[in-house]
Amino acid sequence: MRQTRQASFESGVLPSGIISLFLLYLLEIHLNYVTTPAPAVDIEALVARRAQGFSLEAPFYSSQEVFDLDIEAIFLNHWLFCAAEAEIPEAGDFVTIDIGSFSVIILRDDDEGIRAFHNVCRHRGSRLLKDPCGAIGNLVCPYHQWTYRTDGSLAFADSQPPTFDRGQFGLKSVNVRTVGGLIFICAAADAPADFEEVAGVIEPFLTHYDLKNTKVAHQIDLVEEGNWKLVMENNRECYHCDGAHPELVTAYFPLFGYSADDITPRLRPLFERYQTASANLERACAVLQFPRDERRELDTRVTGFQVSHLPLDGDGASFGPNGSAVCKKLLGSISEPSFGDVSIHMQPNSWFHILSDHAVVFRVFPVAPGKSVVRTTWLVHSDAVEGVDYDVESLTDVWRATNEQDRELVGGCQRGVSDPGYIPGPYSLVEDDVEAFANWYVNRLRAHLAV
Ligand code: FES
Ligand SMILES: [Fe+2]
């Protein structure tokens, strides 16, 4: 026996016992690698120690646990902008949206009203609609063909006993509210009640544009390799605009955060143009009796929002060369092309630019801790004719370029905050809306967790 073992070593063949031990060792390493969970994130501690005036700690942007909480606490419990009414102009037109494991159908019913339903059949739960948008006559479940009317009531279910009460099996509805042609939903049974008050502030700004009477000229879904909060934070400041957005900055007066006392000789000509454009905008608003009560309540209420009306540079009309219009037909009752930009920011997931000749509406939905989808929709007057009143290229080029530039910045930031070398840094004087977003977000988590 001893001789055999010796012979085995000498011939380079390991004894079977050693091989087995080695294999067991490898298996253990493998199992440890596969099954050892990442250290749990103490979300309550993160929320409790959030430093005001500083960017959020890394797990807020990269951890799956925080992402799951964001879906539950933020996206399922607040009002979300989902679509413009113009996206579903006819009875039976729908869009679907996904929020975590939820799917919601937003539908124009046969009476031209807007409805929202859980995208779940009341029979055995099949998804009803799989497409992101489309048109239906009735909602027919693909599984056993239970058929629902556009008001959600069950019209048909085959092979039921005489006692079956169709009235008990309508689709489960989701809170939905339109504000001046923009559709918001809230999946919570107990939706934030202050949305009515916010809608009451925003709606008068939108009425004159008659967004219900627009059409979708173009729509783009952009996948960004970044947490949804990085996308929102990026939107909430123009600290980066000077270097990043050459197309966009020519339209605006880049004086954010400056008071009259801060104006240097270099900025003086710009400031004087801004003063003239502001005075002209005041006059145009007075003629239309357009609201002037701008509001900024980004972190002081459950439905955080901001509405402002900014003059534009150059012709002051739109995003064309030197501030010129990009669509010949003006929206609604707006008759003065140089009517600036009604800019609306809504927490948690949207922003809007409404100009005399078109509107651009943006929504963000989270996909994964490091992935989000930004949908940009360009709206023009429903009578505007492509190729005559506008062309899609000129209409969209500023925001297509700007979105691409922002996608790069957000991706770079996601990679940075995921690096072990990241530590939160201070917001500048011109990032107060980023701070307001972070405050709002952390306060909403705090309320949800009751910490
Ligand atoms: S699951 Fe929809 S009809 Fe059966
Ligand atoms: Fe940007």
# chains A, B, ... in the order shown; residues from 1 in each chain; ligands from 1
call {"tool": "closest_atom_pairs", "arguments": {"of": "chain A", "to": "ligand 1", "cutoff": "12 Å", "atoms": "only C-alpha atoms and all ligand atoms", "output": "Markdown table"}}
result
| residue | atom | partner | partner_atom_place_in_ligand_line | distance |
| --- | --- | --- | --- | --- |
| A:Asn119 | CA | ligand 1 | 2 (Fe) | 10.5 |
| A:Val120 | CA | ligand 1 | 2 (Fe) | 7.8 |
| A:Cys121 | CA | ligand 1 | 2 (Fe) | 4.6 |
| A:Arg122 | CA | ligand 1 | 2 (Fe) | 6.5 |
| A:His123 | CA | ligand 1 | 1 (S) | 4.6 |
| A:Arg124 | CA | ligand 1 | 1 (S) | 3.9 |
| A:Gly125 | CA | ligand 1 | 1 (S) | 4.9 |
| A:Ser126 | CA | ligand 1 | 1 (S) | 4.4 |
| A:Arg127 | CA | ligand 1 | 2 (Fe) | 7.5 |
| A:Leu128 | CA | ligand 1 | 2 (Fe) | 7.1 |
| A:Leu129 | CA | ligand 1 | 2 (Fe) | 10.8 |
| A:Leu139 | CA | ligand 1 | 2 (Fe) | 10.2 |
| A:Val140 | CA | ligand 1 | 3 (S) | 7.9 |
| A:Cys141 | CA | ligand 1 | 2 (Fe) | 4.6 |
| A:Pro142 | CA | ligand 1 | 2 (Fe) | 6.5 |
| A:Tyr143 | CA | ligand 1 | 4 (Fe) | 4.8 |
| A:His144 | CA | ligand 1 | 3 (S) | 3.7 |
| A:Gln145 | CA | ligand 1 | 3 (S) | 4.7 |
| A:Trp146 | CA | ligand 1 | 3 (S) | 4.3 |
| A:Thr147 | CA | ligand 1 | 3 (S) | 7.7 |
| A:Tyr148 | CA | ligand 1 | 3 (S) | 10.1 |
| A:Leu154 | CA | ligand 1 | 3 (S) | 10.7 |
| A:Ala155 | CA | ligand 1 | 3 (S) | 11.9 |
| A:Phe156 | CA | ligand 1 | 3 (S) | 9.6 |
| A:Ala157 | CA | ligand 1 | 3 (S) | 7.4 |
| A:Asp158 | CA | ligand 1 | 3 (S) | 8.9 |
| A:Ser159 | CA | ligand 1 | 3 (S) | 11.2 |
| A:Gln160 | CA | ligand 1 | 3 (S) | 11.8 |
| A:Phe169 | CA | ligand 1 | 2 (Fe) | 11.1 |
| A:Gly170 | CA | ligand 1 | 2 (Fe) | 11.8 |
| A:Leu171 | CA | ligand 1 | 2 (Fe) | 10.9 |
call {"tool": "residues_near_ligand", "arguments": {"ligand": "ligand 2", "cutoff": "12 Å", "atoms": "only C-alpha atoms and all ligand atoms", "output": "count of residues only"}}
result
33
call {"tool": "atom_distance", "arguments": {"atom1": "CA of Phe362 in chain A", "atom2": "CA of Arg295 in chain A"}}
result
19.7 Å
call {"tool": "atom_distance", "arguments": {"atom1": "CA of Ser318 in chain A", "atom2": "CA of His345 in chain A"}}
result
18.9 Å
call {"tool": "residues_around", "arguments": {"residues": "Ile105 in chain A", "least_positions_apart": "3", "cutoff": "12 Å", "atoms": "only C-alpha atoms", "output": "JSON, numbers by chain"}}
result
{"A": [82, 83, 88, 92, 93, 94, 95, 96, 97, 98, 99, 102, 108, 109, 114, 115, 116, 117, 118, 119, 120, 121, 127, 128, 129, 130, 131, 132, 133, 134, 135, 136, 139, 150, 151, 152, 171, 172, 173, 174, 175, 176, 185, 187]}
call {"tool": "atom_distance", "arguments": {"atom1": "CA of Glu272 in chain A", "atom2": "CA of Glu297 in chain A"}}
result
28.9 Å
call {"tool": "select_by_dssp", "arguments": {"residues": "range 122-346 of chain A", "states": "strand (DSSP E)", "output": "number ranges by chain"}}
result
A: 133-135, 139-140, 147-148, 154-156, 175-179, 182-186, 214-224, 295-297, 305-310, 341-346
call {"tool": "residues_around", "arguments": {"residues": "Phe253 in chain A", "least_positions_apart": "2", "cutoff": "8 Å", "atoms": "only C-alpha atoms", "output": "list in words"}}
result
Val249, Thr250, Ala251, Leu255, Phe256, Leu270, Phe271, Tyr274, Pro311, Leu312 and Asp313 of chain A
call {"tool": "closest_residue", "arguments": {"among": "A:Pro254, A:Pro204, A:Gly137, A:Gly304", "to": "Leu288 in chain A", "atoms": "only C-alpha atoms"}}
result
A:Pro204
call {"tool": "select_by_dssp", "arguments": {"residues": "range 122-349 of chain A", "states": "alpha helix (DSSP H)", "output": "MDAnalysis selection string"}}
result
chainID A and resid 195:207 228:235 241:244 246:249 268:288
call {"tool": "write_last_selection", "arguments": {"atoms": "N, CA and C atoms", "output": "short mmCIF file (atom, residue, chain, number, x, y, z; two decimals), in the first residue's frame"}}
result
data_model
loop_
_atom_site.label_atom_id
_atom_site.label_comp_id
_atom_site.auth_asym_id
_atom_site.auth_seq_id
_atom_site.Cartn_x
_atom_site.Cartn_y
_atom_site.Cartn_z
N PHE A 195 -52.51 67.06 -4.03
CA PHE A 195 -52.37 67.18 -5.49
C PHE A 195 -53.45 68.10 -6.06
N GLU A 196 -54.64 68.10 -5.46
CA GLU A 196 -55.72 68.96 -5.95
C GLU A 196 -55.30 70.43 -5.88
N GLU A 197 -54.68 70.78 -4.76
CA GLU A 197 -54.26 72.16 -4.58
C GLU A 197 -53.16 72.53 -5.59
N VAL A 198 -52.23 71.61 -5.79
CA VAL A 198 -51.15 71.84 -6.75
C VAL A 198 -51.73 71.98 -8.16
N ALA A 199 -52.67 71.09 -8.47
CA ALA A 199 -53.31 71.16 -9.80
C ALA A 199 -53.99 72.51 -9.98
N GLY A 200 -54.57 73.01 -8.88
CA GLY A 200 -55.25 74.31 -8.95
C GLY A 200 -54.28 75.46 -9.22
N VAL A 201 -53.02 75.30 -8.84
CA VAL A 201 -52.02 76.35 -9.12
C VAL A 201 -51.51 76.22 -10.55
N ILE A 202 -51.28 74.99 -10.99
CA ILE A 202 -50.64 74.77 -12.29
C ILE A 202 -51.62 74.98 -13.46
N GLU A 203 -52.83 74.54 -13.23
CA GLU A 203 -53.79 74.51 -14.34
C GLU A 203 -53.98 75.88 -15.02
N PRO A 204 -54.08 76.99 -14.26
CA PRO A 204 -54.25 78.28 -14.95
C PRO A 204 -53.08 78.62 -15.88
N PHE A 205 -51.88 78.12 -15.58
CA PHE A 205 -50.74 78.36 -16.47
C PHE A 205 -50.90 77.58 -17.78
N LEU A 206 -51.60 76.45 -17.70
CA LEU A 206 -51.70 75.57 -18.87
C LEU A 206 -52.91 75.89 -19.75
N THR A 207 -53.94 76.47 -19.13
CA THR A 207 -55.21 76.64 -19.84
C THR A 207 -55.03 77.32 -21.20
N TRP A 228 -32.58 56.80 -11.12
CA TRP A 228 -33.57 57.82 -11.47
C TRP A 228 -33.32 59.14 -10.76
N LYS A 229 -32.75 59.08 -9.53
CA LYS A 229 -32.51 60.32 -8.78
C LYS A 229 -31.38 61.13 -9.43
N LEU A 230 -30.40 60.44 -10.02
CA LEU A 230 -29.34 61.19 -10.72
C LEU A 230 -29.92 61.90 -11.94
N VAL A 231 -30.88 61.25 -12.58
CA VAL A 231 -31.53 61.89 -13.74
C VAL A 231 -32.27 63.14 -13.28
N MET A 232 -33.01 63.00 -12.18
CA MET A 232 -33.77 64.15 -11.69
C MET A 232 -32.85 65.26 -11.20
N GLU A 233 -31.80 64.88 -10.47
CA GLU A 233 -30.87 65.89 -9.94
C GLU A 233 -30.21 66.65 -11.08
N ASN A 234 -29.85 65.91 -12.12
CA ASN A 234 -29.23 66.54 -13.28
C ASN A 234 -30.18 67.56 -13.92
N ASN A 235 -31.47 67.19 -13.93
CA ASN A 235 -32.45 68.11 -14.51
C ASN A 235 -32.63 69.36 -13.67
N CYS A 241 -24.80 73.51 -17.44
CA CYS A 241 -25.29 73.84 -18.79
C CYS A 241 -24.25 74.53 -19.67
N ASP A 242 -23.51 75.46 -19.06
CA ASP A 242 -22.56 76.25 -19.83
C ASP A 242 -21.61 75.36 -20.62
N GLY A 243 -21.07 74.35 -19.93
CA GLY A 243 -20.10 73.49 -20.60
C GLY A 243 -20.75 72.40 -21.43
N ALA A 244 -21.94 71.96 -21.00
CA ALA A 244 -22.50 70.74 -21.59
C ALA A 244 -23.51 70.97 -22.71
N PRO A 246 -24.39 73.45 -25.42
CA PRO A 246 -24.27 74.65 -26.26
C PRO A 246 -25.56 74.98 -27.01
N GLU A 247 -26.35 73.97 -27.37
CA GLU A 247 -27.59 74.22 -28.12
C GLU A 247 -28.63 74.88 -27.22
N LEU A 248 -28.72 74.40 -25.98
CA LEU A 248 -29.78 74.85 -25.08
C LEU A 248 -29.51 76.24 -24.53
N VAL A 249 -28.24 76.51 -24.19
CA VAL A 249 -27.98 77.75 -23.46
C VAL A 249 -28.21 79.00 -24.31
N ARG A 268 -23.08 92.26 -18.15
CA ARG A 268 -24.00 93.40 -18.24
C ARG A 268 -24.86 93.37 -19.52
N PRO A 269 -24.28 93.16 -20.74
CA PRO A 269 -25.15 93.15 -21.94
C PRO A 269 -26.22 92.07 -21.87
N LEU A 270 -25.84 90.89 -21.37
CA LEU A 270 -26.79 89.78 -21.23
C LEU A 270 -27.89 90.17 -20.25
N PHE A 271 -27.49 90.79 -19.15
CA PHE A 271 -28.46 91.16 -18.13
C PHE A 271 -29.44 92.20 -18.67
N GLU A 272 -28.93 93.12 -19.49
CA GLU A 272 -29.81 94.13 -20.04
C GLU A 272 -30.81 93.52 -21.03
N ARG A 273 -30.33 92.56 -21.83
CA ARG A 273 -31.27 91.85 -22.73
C ARG A 273 -32.34 91.12 -21.93
N TYR A 274 -31.90 90.55 -20.81
CA TYR A 274 -32.82 89.81 -19.95
C TYR A 274 -33.90 90.75 -19.39
N GLN A 275 -33.46 91.94 -18.97
CA GLN A 275 -34.43 92.89 -18.41
C GLN A 275 -35.46 93.31 -19.45
N THR A 276 -34.99 93.55 -20.68
CA THR A 276 -35.92 93.94 -21.77
C THR A 276 -36.89 92.80 -22.05
N ALA A 277 -36.35 91.56 -22.15
CA ALA A 277 -37.21 90.40 -22.46
C ALA A 277 -38.23 90.18 -21.33
N SER A 278 -37.81 90.40 -20.08
CA SER A 278 -38.73 90.23 -18.95
C SER A 278 -39.86 91.25 -19.03
N ALA A 279 -39.50 92.49 -19.34
CA ALA A 279 -40.52 93.54 -19.43
C ALA A 279 -41.51 93.23 -20.56
N ASN A 280 -40.99 92.74 -21.69
CA ASN A 280 -41.87 92.39 -22.82
C ASN A 280 -42.80 91.25 -22.43
N LEU A 281 -42.25 90.28 -21.70
CA LEU A 281 -43.08 89.14 -21.29
C LEU A 281 -44.17 89.60 -20.33
N GLU A 282 -43.82 90.51 -19.43
CA GLU A 282 -44.83 91.06 -18.50
C GLU A 282 -45.99 91.66 -19.28
N ARG A 283 -45.65 92.44 -20.29
CA ARG A 283 -46.68 93.12 -21.08
C ARG A 283 -47.57 92.08 -21.79
N ALA A 284 -46.92 91.07 -22.40
CA ALA A 284 -47.69 90.04 -23.13
C ALA A 284 -48.61 89.28 -22.17
N CYS A 285 -48.15 89.04 -20.97
CA CYS A 285 -48.97 88.32 -19.98
C CYS A 285 -50.15 89.16 -19.55
N ALA A 286 -49.91 90.47 -19.40
CA ALA A 286 -51.01 91.36 -18.97
C ALA A 286 -52.12 91.34 -20.01
N VAL A 287 -51.75 91.34 -21.30
CA VAL A 287 -52.75 91.32 -22.37
C VAL A 287 -53.62 90.07 -22.27
N LEU A 288 -52.98 88.93 -21.99
CA LEU A 288 -53.71 87.64 -21.94
C LEU A 288 -54.30 87.35 -20.57
#
call {"tool": "residues_around", "arguments": {"residues": "Leu222 in chain A", "least_positions_apart": "2", "cutoff": "9 Å", "atoms": "only C-alpha atoms", "output": "JSON, numbers by chain"}}
result
{"A": [220, 224, 372, 373, 374, 375, 376, 403, 404, 407]}
call {"tool": "write_last_selection", "arguments": {"atoms": "all heavy atoms", "output": "mmCIF file, in the first residue's frame"}}
result
data_model
loop_
_atom_site.group_PDB
_atom_site.id
_atom_site.type_symbol
_atom_site.label_atom_id
_atom_site.label_comp_id
_atom_site.auth_asym_id
_atom_site.auth_seq_id
_atom_site.Cartn_x
_atom_site.Cartn_y
_atom_site.Cartn_z
ATOM 1 N N ILE A 220 -39.422 60.194 -27.865
ATOM 2 C CA ILE A 220 -38.194 59.382 -27.754
ATOM 3 C C ILE A 220 -38.093 58.819 -26.344
ATOM 4 O O ILE A 220 -38.279 59.547 -25.363
ATOM 5 C CB ILE A 220 -36.926 60.228 -28.040
ATOM 6 C CG1 ILE A 220 -36.898 60.675 -29.503
ATOM 7 C CG2 ILE A 220 -35.658 59.430 -27.723
ATOM 8 C CD1 ILE A 220 -35.728 61.577 -29.855
ATOM 9 N N GLU A 224 -31.128 55.619 -19.785
ATOM 10 C CA GLU A 224 -29.947 56.232 -19.166
ATOM 11 C C GLU A 224 -29.367 55.254 -18.153
ATOM 12 O O GLU A 224 -30.104 54.652 -17.377
ATOM 13 C CB GLU A 224 -30.315 57.555 -18.494
ATOM 14 C CG GLU A 224 -30.923 58.540 -19.490
ATOM 15 C CD GLU A 224 -30.762 59.995 -19.106
ATOM 16 O OE1 GLU A 224 -30.036 60.281 -18.147
ATOM 17 O OE2 GLU A 224 -31.379 60.837 -19.790
ATOM 18 N N SER A 372 -32.531 53.952 -15.889
ATOM 19 C CA SER A 372 -33.799 54.687 -15.917
ATOM 20 C C SER A 372 -34.187 54.922 -17.376
ATOM 21 O O SER A 372 -33.332 54.878 -18.259
ATOM 22 C CB SER A 372 -33.647 56.055 -15.247
ATOM 23 O OG SER A 372 -33.005 55.931 -13.997
ATOM 24 N N VAL A 373 -35.462 55.186 -17.591
ATOM 25 C CA VAL A 373 -35.898 55.557 -18.938
ATOM 26 C C VAL A 373 -36.505 56.954 -18.892
ATOM 27 O O VAL A 373 -37.392 57.226 -18.073
ATOM 28 C CB VAL A 373 -36.953 54.572 -19.498
ATOM 29 C CG1 VAL A 373 -37.410 55.027 -20.878
ATOM 30 C CG2 VAL A 373 -36.381 53.180 -19.595
ATOM 31 N N VAL A 374 -36.003 57.813 -19.746
ATOM 32 C CA VAL A 374 -36.528 59.172 -19.867
ATOM 33 C C VAL A 374 -37.334 59.238 -21.158
ATOM 34 O O VAL A 374 -36.803 58.968 -22.241
ATOM 35 C CB VAL A 374 -35.390 60.210 -19.922
ATOM 36 C CG1 VAL A 374 -35.955 61.621 -20.089
ATOM 37 C CG2 VAL A 374 -34.524 60.119 -18.680
ATOM 38 N N ARG A 375 -38.604 59.561 -21.024
ATOM 39 C CA ARG A 375 -39.432 59.731 -22.237
ATOM 40 C C ARG A 375 -39.626 61.215 -22.488
ATOM 41 O O ARG A 375 -40.048 61.956 -21.606
ATOM 42 C CB ARG A 375 -40.796 59.054 -22.063
ATOM 43 C CG ARG A 375 -41.758 59.375 -23.212
ATOM 44 C CD ARG A 375 -42.983 58.518 -23.209
ATOM 45 N NE ARG A 375 -42.646 57.146 -23.588
ATOM 46 C CZ ARG A 375 -43.551 56.158 -23.679
ATOM 47 N NH1 ARG A 375 -44.815 56.403 -23.421
ATOM 48 N NH2 ARG A 375 -43.172 54.952 -24.039
ATOM 49 N N THR A 376 -39.303 61.639 -23.688
ATOM 50 C CA THR A 376 -39.496 63.035 -24.101
ATOM 51 C C THR A 376 -40.550 63.061 -25.205
ATOM 52 O O THR A 376 -40.455 62.305 -26.174
ATOM 53 C CB THR A 376 -38.175 63.634 -24.636
ATOM 54 O OG1 THR A 376 -37.156 63.427 -23.660
ATOM 55 C CG2 THR A 376 -38.313 65.116 -24.920
ATOM 56 N N ASN A 403 -30.648 66.019 -24.322
ATOM 57 C CA ASN A 403 -30.884 64.733 -23.642
ATOM 58 C C ASN A 403 -29.683 63.802 -23.772
ATOM 59 O O ASN A 403 -29.318 63.109 -22.829
ATOM 60 C CB ASN A 403 -32.112 64.029 -24.232
ATOM 61 C CG ASN A 403 -33.422 64.636 -23.744
ATOM 62 O OD1 ASN A 403 -33.430 65.451 -22.832
ATOM 63 N ND2 ASN A 403 -34.518 64.229 -24.358
ATOM 64 N N GLU A 404 -29.108 63.776 -24.962
ATOM 65 C CA GLU A 404 -27.930 62.914 -25.163
ATOM 66 C C GLU A 404 -26.778 63.366 -24.276
ATOM 67 O O GLU A 404 -26.082 62.550 -23.669
ATOM 68 C CB GLU A 404 -27.477 62.955 -26.629
ATOM 69 C CG GLU A 404 -28.203 61.984 -27.542
ATOM 70 C CD GLU A 404 -28.001 60.520 -27.139
ATOM 71 O OE1 GLU A 404 -26.964 60.166 -26.566
ATOM 72 O OE2 GLU A 404 -28.932 59.730 -27.397
ATOM 73 N N ARG A 407 -27.539 62.355 -20.833
ATOM 74 C CA ARG A 407 -27.390 60.894 -20.657
ATOM 75 C C ARG A 407 -25.924 60.555 -20.339
ATOM 76 O O ARG A 407 -25.639 59.748 -19.453
ATOM 77 C CB ARG A 407 -27.837 60.169 -21.927
ATOM 78 C CG ARG A 407 -27.897 58.665 -21.810
ATOM 79 C CD ARG A 407 -28.428 58.046 -23.093
ATOM 80 N NE ARG A 407 -27.543 58.315 -24.210
ATOM 81 C CZ ARG A 407 -26.414 57.650 -24.469
ATOM 82 N NH1 ARG A 407 -26.059 56.649 -23.700
ATOM 83 N NH2 ARG A 407 -25.666 57.969 -25.502
#
call {"tool": "residues_around", "arguments": {"residues": "Ala217 in chain A", "least_positions_apart": "3", "cutoff": "9 Å", "atoms": "only C-alpha atoms", "output": "PyMOL selection string"}}
result
chain A and resi 214+377-380+386+391-392+395
call {"tool": "write_last_selection", "arguments": {"atoms": "C-alpha atoms", "output": "compact mmCIF listing (two decimals), in the first residue's frame"}}
result
# COMPACT_ATOMS: atom_id res chain seq x y z
CA THR A 214 -52.29 69.18 -29.49
CA THR A 377 -42.64 64.00 -26.00
CA TRP A 378 -42.95 66.99 -28.32
CA LEU A 379 -46.47 68.40 -28.73
CA VAL A 380 -47.63 70.80 -31.43
CA GLU A 386 -45.56 68.28 -40.66
CA ASP A 391 -40.32 69.66 -39.35
CA VAL A 392 -39.41 67.10 -36.72
CA LEU A 395 -38.54 70.93 -33.67
call {"tool": "residues_around", "arguments": {"residues": "Leu211 in chain A", "least_positions_apart": "5", "cutoff": "12 Å", "atoms": "only C-alpha atoms", "output": "PyMOL selection string"}}
result
chain A and resi 83-87+89+178-183+203+205-206+216+330-334+352+354-361+378-382
call {"tool": "closest_residue", "arguments": {"among": "A:Asp262, A:Asp341, A:Glu431, A:Asp42", "to": "Tyr209 in chain A", "atoms": "only C-alpha atoms"}}
result
A:Asp341
call {"tool": "closest_residue", "arguments": {"among": "A:Pro366, A:Asp419, A:Asp299, A:Gln168", "to": "Asp68 in chain A", "atoms": "only C-alpha atoms"}}
result
A:Pro366
call {"tool": "closest_residue", "arguments": {"among": "A:Val66, A:Val302, A:Leu56, A:Val430", "to": "Arg444 in chain A", "atoms": "only C-alpha atoms"}}
result
A:Val302
call {"tool": "decode", "arguments": {"residues": "range 211-218 of chain A", "atoms": "all heavy atoms", "output": "short mmCIF file (atom, residue, chain, number, x, y, z; two decimals), in the first residue's frame"}}
result
data_model
loop_
_atom_site.label_atom_id
_atom_site.label_comp_id
_atom_site.auth_asym_id
_atom_site.auth_seq_id
_atom_site.Cartn_x
_atom_site.Cartn_y
_atom_site.Cartn_z
N LEU A 211 -53.47 72.25 -24.20
CA LEU A 211 -52.67 71.07 -24.57
C LEU A 211 -53.53 69.88 -25.00
O LEU A 211 -53.05 68.97 -25.68
CB LEU A 211 -51.75 70.66 -23.41
CG LEU A 211 -50.64 71.66 -23.05
CD1 LEU A 211 -49.78 71.09 -21.92
CD2 LEU A 211 -49.78 72.02 -24.26
N LYS A 212 -54.81 69.90 -24.61
CA LYS A 212 -55.70 68.81 -25.07
C LYS A 212 -55.83 68.85 -26.59
O LYS A 212 -56.11 67.85 -27.22
CB LYS A 212 -57.10 69.00 -24.47
CG LYS A 212 -57.20 68.55 -23.04
CD LYS A 212 -58.64 68.66 -22.60
CE LYS A 212 -58.70 68.62 -21.10
NZ LYS A 212 -59.99 69.03 -20.58
N ASN A 213 -55.67 70.04 -27.12
CA ASN A 213 -55.82 70.22 -28.57
C ASN A 213 -54.45 70.25 -29.25
O ASN A 213 -54.17 71.11 -30.08
CB ASN A 213 -56.59 71.52 -28.82
CG ASN A 213 -57.06 71.64 -30.25
OD1 ASN A 213 -57.19 70.63 -30.96
ND2 ASN A 213 -57.27 72.85 -30.71
N THR A 214 -53.60 69.31 -28.84
CA THR A 214 -52.29 69.18 -29.49
C THR A 214 -52.16 67.76 -30.03
O THR A 214 -53.03 66.91 -29.80
CB THR A 214 -51.13 69.44 -28.50
OG1 THR A 214 -51.22 68.51 -27.42
CG2 THR A 214 -51.15 70.86 -27.98
N LYS A 215 -51.08 67.52 -30.72
CA LYS A 215 -50.78 66.15 -31.17
C LYS A 215 -49.30 65.87 -30.92
O LYS A 215 -48.49 66.80 -30.79
CB LYS A 215 -51.12 65.97 -32.65
CG LYS A 215 -50.24 66.79 -33.57
CD LYS A 215 -50.57 66.47 -35.03
CE LYS A 215 -49.65 67.26 -35.96
NZ LYS A 215 -49.92 67.01 -37.37
N VAL A 216 -49.00 64.59 -30.86
CA VAL A 216 -47.61 64.20 -30.63
C VAL A 216 -46.86 64.32 -31.96
O VAL A 216 -47.16 63.62 -32.92
CB VAL A 216 -47.52 62.75 -30.10
CG1 VAL A 216 -46.07 62.30 -29.98
CG2 VAL A 216 -48.24 62.63 -28.76
N ALA A 217 -45.89 65.23 -31.98
CA ALA A 217 -45.07 65.38 -33.19
C ALA A 217 -43.91 64.39 -33.18
O ALA A 217 -43.46 63.92 -34.22
CB ALA A 217 -44.54 66.81 -33.30
N HIS A 218 -43.45 64.07 -31.96
CA HIS A 218 -42.32 63.14 -31.85
C HIS A 218 -42.21 62.67 -30.41
O HIS A 218 -42.61 63.39 -29.49
CB HIS A 218 -41.02 63.84 -32.27
CG HIS A 218 -39.93 62.88 -32.63
ND1 HIS A 218 -40.06 61.93 -33.62
CD2 HIS A 218 -38.69 62.71 -32.13
CE1 HIS A 218 -38.94 61.23 -33.71
NE2 HIS A 218 -38.10 61.68 -32.81
#
